[in-house]
Each structure stands twice: as C-alpha cells, then as structure tokens.
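**Student:** So that you have it, the file is final.cif, and it contains mmCIF, N, CA and C atoms:
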data_run
loop_
_atom_site.label_atom_id
_atom_site.label_comp_id
_atom_site.auth_asym_id
_atom_site.auth_seq_id
_atom_site.Cartn_x
_atom_site.Cartn_y
_atom_site.Cartn_z
N MET A 1 9.83 -1.64 9.74
CA MET A 1 9.00 -1.53 10.93
C MET A 1 8.04 -2.70 11.03
N GLY A 2 7.57 -3.16 9.87
CA GLY A 2 6.63 -4.28 9.88
C GLY A 2 7.25 -5.54 10.44
N VAL A 3 8.48 -5.84 10.04
CA VAL A 3 9.16 -7.04 10.52
C VAL A 3 9.46 -6.93 12.01
N SER A 4 9.89 -5.76 12.45
CA SER A 4 10.17 -5.61 13.88
C SER A 4 8.88 -5.68 14.69
N ALA A 5 7.75 -5.24 14.10
CA ALA A 5 6.47 -5.34 14.80
C ALA A 5 6.07 -6.79 15.01
N LEU A 6 6.40 -7.66 14.03
CA LEU A 6 6.09 -9.09 14.18
C LEU A 6 6.82 -9.69 15.38
N LYS A 7 8.04 -9.17 15.64
CA LYS A 7 8.84 -9.71 16.73
C LYS A 7 8.50 -9.08 18.08
N MET A 8 8.04 -7.82 18.07
CA MET A 8 7.90 -7.08 19.31
C MET A 8 6.46 -6.99 19.84
N LEU A 9 5.47 -7.04 18.95
CA LEU A 9 4.09 -6.82 19.36
C LEU A 9 3.35 -8.12 19.63
N ASP A 10 2.20 -7.98 20.24
CA ASP A 10 1.29 -9.10 20.43
C ASP A 10 0.93 -9.68 19.06
N PRO A 11 0.98 -11.01 18.88
CA PRO A 11 0.73 -11.59 17.56
C PRO A 11 -0.61 -11.20 16.93
N LYS A 12 -1.63 -10.96 17.74
CA LYS A 12 -2.93 -10.56 17.19
C LYS A 12 -2.87 -9.17 16.55
N LEU A 13 -2.08 -8.29 17.12
CA LEU A 13 -1.96 -6.93 16.61
C LEU A 13 -0.86 -6.81 15.56
N ALA A 14 0.15 -7.65 15.67
CA ALA A 14 1.33 -7.52 14.84
C ALA A 14 1.05 -7.77 13.37
N PHE A 15 0.21 -8.76 13.05
CA PHE A 15 0.02 -9.08 11.65
C PHE A 15 -0.70 -7.95 10.91
N GLY A 16 -1.65 -7.31 11.56
CA GLY A 16 -2.33 -6.17 10.92
C GLY A 16 -1.38 -5.03 10.63
N PHE A 17 -0.51 -4.74 11.59
CA PHE A 17 0.49 -3.69 11.38
C PHE A 17 1.46 -4.11 10.28
N PHE A 18 1.89 -5.37 10.30
CA PHE A 18 2.81 -5.88 9.28
C PHE A 18 2.20 -5.74 7.90
N GLN A 19 0.94 -6.12 7.76
CA GLN A 19 0.27 -6.03 6.46
C GLN A 19 0.20 -4.57 5.98
N GLY A 20 -0.15 -3.66 6.87
CA GLY A 20 -0.19 -2.25 6.50
C GLY A 20 1.17 -1.70 6.13
N ALA A 21 2.19 -2.09 6.88
CA ALA A 21 3.55 -1.62 6.59
C ALA A 21 4.03 -2.15 5.24
N MET A 22 3.73 -3.40 4.94
CA MET A 22 4.14 -3.95 3.66
C MET A 22 3.36 -3.31 2.50
N THR A 23 2.12 -2.97 2.74
CA THR A 23 1.31 -2.32 1.70
C THR A 23 1.86 -0.95 1.36
N ILE A 24 2.09 -0.14 2.38
CA ILE A 24 2.59 1.21 2.13
C ILE A 24 4.03 1.18 1.62
N GLY A 25 4.83 0.28 2.15
CA GLY A 25 6.21 0.14 1.67
C GLY A 25 6.26 -0.34 0.24
N GLY A 26 5.39 -1.29 -0.12
CA GLY A 26 5.33 -1.78 -1.49
C GLY A 26 4.88 -0.69 -2.45
N ALA A 27 3.93 0.13 -2.01
CA ALA A 27 3.47 1.23 -2.86
C ALA A 27 4.61 2.22 -3.09
N TRP A 28 5.41 2.49 -2.06
CA TRP A 28 6.54 3.40 -2.24
C TRP A 28 7.61 2.79 -3.15
N ILE A 29 7.79 1.49 -3.09
CA ILE A 29 8.75 0.84 -3.99
C ILE A 29 8.26 0.96 -5.43
N ILE A 30 6.98 0.77 -5.65
CA ILE A 30 6.43 0.92 -7.00
C ILE A 30 6.61 2.36 -7.49
N CYS A 31 6.35 3.32 -6.62
CA CYS A 31 6.56 4.73 -6.99
C CYS A 31 8.03 4.99 -7.31
N GLY A 32 8.92 4.36 -6.55
CA GLY A 32 10.34 4.49 -6.82
C GLY A 32 10.71 3.94 -8.18
N LEU A 33 10.09 2.83 -8.57
CA LEU A 33 10.34 2.27 -9.90
C LEU A 33 9.79 3.19 -10.99
N PHE A 34 8.67 3.84 -10.72
CA PHE A 34 8.11 4.79 -11.69
C PHE A 34 9.07 5.95 -11.94
N THR A 35 9.83 6.35 -10.93
CA THR A 35 10.71 7.50 -11.09
C THR A 35 11.86 7.24 -12.05
N ILE A 36 12.09 5.98 -12.39
CA ILE A 36 13.17 5.69 -13.33
C ILE A 36 12.86 6.30 -14.69
N LYS A 37 11.64 6.12 -15.18
CA LYS A 37 11.26 6.64 -16.50
C LYS A 37 10.44 7.92 -16.42
N MET A 38 9.65 8.07 -15.36
CA MET A 38 8.77 9.22 -15.23
C MET A 38 8.92 9.82 -13.83
N PRO A 39 9.93 10.65 -13.63
CA PRO A 39 10.23 11.13 -12.27
C PRO A 39 9.07 11.83 -11.58
N TRP A 40 8.35 12.67 -12.28
CA TRP A 40 7.27 13.42 -11.63
C TRP A 40 6.12 12.50 -11.24
N HIS A 41 5.84 11.50 -12.06
CA HIS A 41 4.77 10.56 -11.71
C HIS A 41 5.10 9.81 -10.43
N GLY A 42 6.34 9.34 -10.32
CA GLY A 42 6.75 8.61 -9.13
C GLY A 42 6.76 9.50 -7.89
N LEU A 43 7.22 10.73 -8.04
CA LEU A 43 7.26 11.66 -6.92
C LEU A 43 5.86 11.99 -6.43
N ILE A 44 4.97 12.29 -7.35
CA ILE A 44 3.60 12.62 -6.96
C ILE A 44 2.90 11.40 -6.36
N GLY A 45 3.15 10.23 -6.93
CA GLY A 45 2.57 9.00 -6.36
C GLY A 45 3.04 8.77 -4.94
N ALA A 46 4.33 8.96 -4.70
CA ALA A 46 4.86 8.79 -3.34
C ALA A 46 4.25 9.81 -2.38
N GLY A 47 4.03 11.03 -2.88
CA GLY A 47 3.40 12.05 -2.05
C GLY A 47 1.97 11.69 -1.69
N ILE A 48 1.25 11.12 -2.65
CA ILE A 48 -0.14 10.71 -2.38
C ILE A 48 -0.17 9.56 -1.38
N ILE A 49 0.73 8.61 -1.53
CA ILE A 49 0.80 7.50 -0.56
C ILE A 49 1.14 8.05 0.83
N ALA A 50 2.05 9.01 0.89
CA ALA A 50 2.39 9.63 2.17
C ALA A 50 1.20 10.36 2.76
N LEU A 51 0.42 11.02 1.91
CA LEU A 51 -0.77 11.72 2.40
C LEU A 51 -1.79 10.73 2.96
N LEU A 52 -1.96 9.59 2.31
CA LEU A 52 -2.87 8.56 2.83
C LEU A 52 -2.36 8.02 4.17
N GLY A 53 -1.05 7.77 4.26
CA GLY A 53 -0.48 7.32 5.53
C GLY A 53 -0.59 8.37 6.62
N LEU A 54 -0.46 9.62 6.23
CA LEU A 54 -0.60 10.72 7.19
C LEU A 54 -2.02 10.80 7.72
N ALA A 55 -2.99 10.65 6.85
CA ALA A 55 -4.39 10.68 7.28
C ALA A 55 -4.69 9.51 8.22
N ARG A 56 -4.18 8.35 7.89
CA ARG A 56 -4.38 7.19 8.75
C ARG A 56 -3.69 7.38 10.10
N GLY A 57 -2.49 7.94 10.06
CA GLY A 57 -1.76 8.17 11.30
C GLY A 57 -2.43 9.19 12.19
N LEU A 58 -3.02 10.22 11.60
CA LEU A 58 -3.71 11.22 12.41
C LEU A 58 -4.94 10.63 13.09
N SER A 59 -5.56 9.65 12.46
CA SER A 59 -6.72 9.01 13.09
C SER A 59 -6.30 8.15 14.29
N ASN A 60 -5.02 7.83 14.38
CA ASN A 60 -4.52 7.02 15.49
C ASN A 60 -4.01 7.86 16.67
N LEU A 61 -4.04 9.17 16.54
CA LEU A 61 -3.54 10.03 17.63
C LEU A 61 -4.28 9.82 18.95
N PRO A 62 -5.59 9.59 18.98
CA PRO A 62 -6.23 9.31 20.27
C PRO A 62 -5.66 8.08 20.98
N LYS A 63 -5.26 7.07 20.21
CA LYS A 63 -4.64 5.89 20.81
C LYS A 63 -3.28 6.24 21.43
N VAL A 64 -2.55 7.13 20.77
CA VAL A 64 -1.24 7.54 21.30
C VAL A 64 -1.42 8.31 22.59
N LEU A 65 -2.40 9.21 22.60
CA LEU A 65 -2.67 9.97 23.83
C LEU A 65 -3.10 9.05 24.96
N ALA A 66 -3.93 8.04 24.64
CA ALA A 66 -4.34 7.07 25.67
C ALA A 66 -3.14 6.27 26.16
N PHE A 67 -2.21 5.95 25.26
CA PHE A 67 -1.00 5.22 25.64
C PHE A 67 -0.19 6.02 26.66
N PHE A 68 -0.03 7.32 26.41
CA PHE A 68 0.75 8.15 27.32
C PHE A 68 0.00 8.45 28.61
N ARG A 69 -1.31 8.29 28.61
CA ARG A 69 -2.08 8.44 29.84
C ARG A 69 -2.04 7.18 30.69
N GLY A 70 -1.51 6.08 30.14
CA GLY A 70 -1.36 4.87 30.92
C GLY A 70 -2.16 3.68 30.42
N ASP A 71 -2.95 3.84 29.38
CA ASP A 71 -3.73 2.73 28.82
C ASP A 71 -2.82 1.89 27.92
N ARG A 72 -2.43 0.72 28.40
CA ARG A 72 -1.51 -0.15 27.65
C ARG A 72 -2.24 -1.35 27.04
N GLU A 73 -3.51 -1.19 26.75
CA GLU A 73 -4.30 -2.29 26.19
C GLU A 73 -3.75 -2.77 24.85
N LEU A 74 -3.24 -1.86 24.03
CA LEU A 74 -2.71 -2.22 22.72
C LEU A 74 -1.20 -2.43 22.72
N GLY A 75 -0.60 -2.45 23.87
CA GLY A 75 0.84 -2.62 23.95
C GLY A 75 1.56 -1.40 23.40
N THR A 76 2.61 -1.63 22.63
CA THR A 76 3.37 -0.53 22.05
C THR A 76 2.94 -0.21 20.62
N LEU A 77 1.83 -0.76 20.18
CA LEU A 77 1.33 -0.50 18.83
C LEU A 77 1.17 1.00 18.54
N PRO A 78 0.63 1.81 19.46
CA PRO A 78 0.54 3.25 19.16
C PRO A 78 1.88 3.92 18.89
N ILE A 79 2.94 3.42 19.52
CA ILE A 79 4.27 3.99 19.27
C ILE A 79 4.72 3.66 17.85
N TYR A 80 4.49 2.44 17.41
CA TYR A 80 4.81 2.06 16.04
C TYR A 80 4.01 2.90 15.05
N GLU A 81 2.73 3.09 15.33
CA GLU A 81 1.88 3.88 14.44
C GLU A 81 2.34 5.34 14.40
N THR A 82 2.86 5.84 15.50
CA THR A 82 3.41 7.19 15.52
C THR A 82 4.67 7.28 14.66
N GLY A 83 5.46 6.21 14.67
CA GLY A 83 6.64 6.17 13.79
C GLY A 83 6.25 6.24 12.33
N VAL A 84 5.21 5.51 11.96
CA VAL A 84 4.73 5.55 10.58
C VAL A 84 4.21 6.95 10.25
N LEU A 85 3.50 7.56 11.20
CA LEU A 85 3.00 8.92 11.02
C LEU A 85 4.14 9.88 10.75
N LEU A 86 5.22 9.77 11.50
CA LEU A 86 6.36 10.68 11.31
C LEU A 86 7.04 10.45 9.96
N ILE A 87 7.18 9.21 9.56
CA ILE A 87 7.77 8.91 8.25
C ILE A 87 6.92 9.50 7.14
N CYS A 88 5.61 9.31 7.24
CA CYS A 88 4.70 9.85 6.22
C CYS A 88 4.71 11.37 6.22
N LEU A 89 4.79 11.97 7.39
CA LEU A 89 4.83 13.43 7.49
C LEU A 89 6.08 13.98 6.84
N ILE A 90 7.21 13.36 7.09
CA ILE A 90 8.47 13.81 6.49
C ILE A 90 8.42 13.66 4.98
N LEU A 91 7.97 12.51 4.50
CA LEU A 91 7.92 12.29 3.06
C LEU A 91 6.93 13.24 2.39
N PHE A 92 5.77 13.46 3.01
CA PHE A 92 4.80 14.37 2.42
C PHE A 92 5.33 15.80 2.37
N SER A 93 5.96 16.24 3.45
CA SER A 93 6.48 17.61 3.46
C SER A 93 7.59 17.79 2.44
N ARG A 94 8.43 16.79 2.29
CA ARG A 94 9.50 16.88 1.28
C ARG A 94 8.93 16.89 -0.13
N THR A 95 7.92 16.07 -0.38
CA THR A 95 7.28 16.04 -1.69
C THR A 95 6.62 17.39 -1.98
N PHE A 96 5.91 17.92 -0.99
CA PHE A 96 5.26 19.21 -1.16
C PHE A 96 6.28 20.30 -1.46
N ARG A 97 7.40 20.25 -0.76
CA ARG A 97 8.45 21.25 -0.96
C ARG A 97 9.03 21.19 -2.36
N VAL A 98 9.28 19.98 -2.86
CA VAL A 98 9.82 19.83 -4.22
C VAL A 98 8.82 20.34 -5.25
N LEU A 99 7.55 20.00 -5.08
CA LEU A 99 6.53 20.47 -6.03
C LEU A 99 6.37 21.99 -5.96
N TRP A 100 6.47 22.56 -4.77
CA TRP A 100 6.38 24.01 -4.62
C TRP A 100 7.55 24.70 -5.33
N HIS A 101 8.76 24.17 -5.15
CA HIS A 101 9.92 24.76 -5.82
C HIS A 101 9.82 24.63 -7.34
N GLU A 102 9.29 23.53 -7.81
CA GLU A 102 9.12 23.36 -9.25
C GLU A 102 8.10 24.36 -9.79
N ARG A 103 7.06 24.59 -9.04
CA ARG A 103 6.06 25.58 -9.45
C ARG A 103 6.69 26.97 -9.52
N GLN A 104 7.49 27.31 -8.51
CA GLN A 104 8.16 28.61 -8.51
C GLN A 104 9.15 28.72 -9.67
N ARG A 105 9.87 27.65 -9.94
CA ARG A 105 10.83 27.65 -11.04
C ARG A 105 10.13 27.88 -12.37
N ARG A 106 8.99 27.20 -12.57
CA ARG A 106 8.25 27.38 -13.82
C ARG A 106 7.66 28.78 -13.92
N LEU A 107 7.24 29.34 -12.81
CA LEU A 107 6.70 30.70 -12.81
C LEU A 107 7.78 31.70 -13.20
N VAL A 108 8.97 31.59 -12.61
CA VAL A 108 10.07 32.49 -12.94
C VAL A 108 10.48 32.30 -14.38
N SER A 109 10.51 31.06 -14.84
CA SER A 109 10.88 30.79 -16.23
C SER A 109 9.89 31.40 -17.21
N SER A 110 8.60 31.35 -16.89
CA SER A 110 7.60 31.93 -17.78
C SER A 110 7.67 33.45 -17.79
N ILE A 111 8.06 34.06 -16.67
CA ILE A 111 8.20 35.51 -16.62
C ILE A 111 9.41 35.95 -17.45
N LYS A 112 10.53 35.20 -17.36
CA LYS A 112 11.73 35.52 -18.12
C LYS A 112 11.48 35.38 -19.62
N ASN A 113 10.75 34.34 -20.01
CA ASN A 113 10.52 34.05 -21.42
C ASN A 113 9.31 34.75 -22.00
N GLY A 114 8.45 35.25 -21.14
CA GLY A 114 7.20 35.77 -21.62
C GLY A 114 7.15 37.23 -21.63
#
Give the structure from this file in structure tokens form.
**Tutor:**
Amino acid sequence: MGVSALKMLDPKLAFGFFQGAMTIGGAWIICGLFTIKMPWHGLIGAGIIALLGLARGLSNLPKVLAFFRGDRELGTLPIYETGVLLICLILFSRTFRVLWHERQRRLVSSIKNG
C-alpha cells in the first residue's frame, strides 16, 4: 500500500503514508521472523502491532466521514488509511481468536489432568 500511495497520492501526503506503511510492515516482518523460533512471541507481537494500527486507524475515521461528505482536501488518503484500518482489524481479530482458543485448550487440558 505504501508504494502504491507514492504513485497515487499527492507527494506531500504520500511520503508520510509510505513511511507509516513501511514501519508497520517492517514490524510485522520482524514478528514473522520471531515466529520461527518463538511462535507465541511473534504472534503476540503481531497482535500488538495490529492493535496500534487499529488505534491509529480509528483516530482517522473523522477524515473518512469528511471524505464521504465531499471534503476532498486530502485526496484519497482517507481511503488508504481505511484499508490499513481493515488490515489491522483483521489481523488483530485473528490474533485474538488464536489466543482465545489457546486459553480454552489449556483450560480443558488442566481440567482433564487436574
């Protein structure tokens, strides 16, 4: 998304979005590398990064609403930010679901063994 933003958005706005996209993408790559030796650490790290992206994306919702009301001052930047919000939401919900199932699995295992 960052590279496409460089090509599609106003140059003043595009570099900031590109930098943010590379930061969050790089953090997810690092978390992915962590999962090679420590799967839970990488998964939880990716979930935290997704939560940070989700919080940032929610703060951009007023810009999205203004975009749909006709305010095109920022161009299509709010649409790109909404895409990032959706990606972070999906990743966070999937991470939460995996951690929830693991908690349930451990609870059932402790009841069977205890």
**Student:** Take the PyMOL selection byres ((chain A and resi 14-30) around 8), run it mentally on this structure, and tell me the resulting residues as a list in words.
**Tutor:**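 Taken over the shown coordinates, the PyMOL selection byres ((chain A and resi 14-30) around 8) returns Met1, Gly2, Val3, Ser4, Ala5, Leu6, Lys7, Met8, Leu9, Asp10, Pro11, Lys12, Leu13, Cys31, Gly32, Leu33, Phe34, Thr35, Gly42, Gly45, Ala46, Ile49, Ala50, Gly53 and Leu77 of chain A.
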**Student:** Please, what distance in Å, to one decimal, runs between CA of Ser59 (chain A) and CA of His41 (chain A)?
**Tutor:**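 Going from CA of Ser59 (chain A) over to CA of His41 (chain A), I get 27.4 Å.
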**Student:** Nearest to Leu51 (chain A): which of A:Ile111, A:Leu89, A:Ile79, A:Ile36 is it, counting only N, CA and C atoms?
**Tutor:**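 Checking each of A:Ile111, A:Leu89, A:Ile79, A:Ile36 against Leu51 (chain A), counting only N, CA and C atoms, the winner is A:Leu89.
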**Student:** Mind pulling up the distance from CA of Leu52 (chain A) to CA of Thr82 (chain A)?
**Tutor:**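 We find that CA of Thr82 (chain A) and CA of Leu52 (chain A) lie 14.2 Å from each other.
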**Student:** For this file, the PyMOL selection byres (((chain A and resi 78 and name CA) around 10) and name CA) selects which residues, as a list in words?
**Tutor:**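 Checking the PyMOL selection byres (((chain A and resi 78 and name CA) around 10) and name CA) against this file, the residues are Gly57, Asn60, Leu61, Pro62, Lys63, Val64, Leu65, Ala66, Phe67, Phe68, Arg72, Leu74, Gly75, Thr76, Leu77, Ile79, Tyr80, Glu81, Thr82, Gly83 and Val84 of chain A.
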**Student:** So how far away is atom N of Trp100 (chain A) from atom C of Ile87 (chain A), in Å?
**Tutor:**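 Going from atom C of Ile87 (chain A) over to atom N of Trp100 (chain A), I get 17.7 Å.
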**Student:** My list of candidates is A:Ile44, A:Ile90, A:Leu107, A:Leu85. Which is closest to Leu58 (chain A) when distances are computed with only C-alpha atoms?
**Tutor:**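 Ranking A:Ile44, A:Ile90, A:Leu107, A:Leu85 by distance to Leu58 (chain A), first place goes to A:Leu85.
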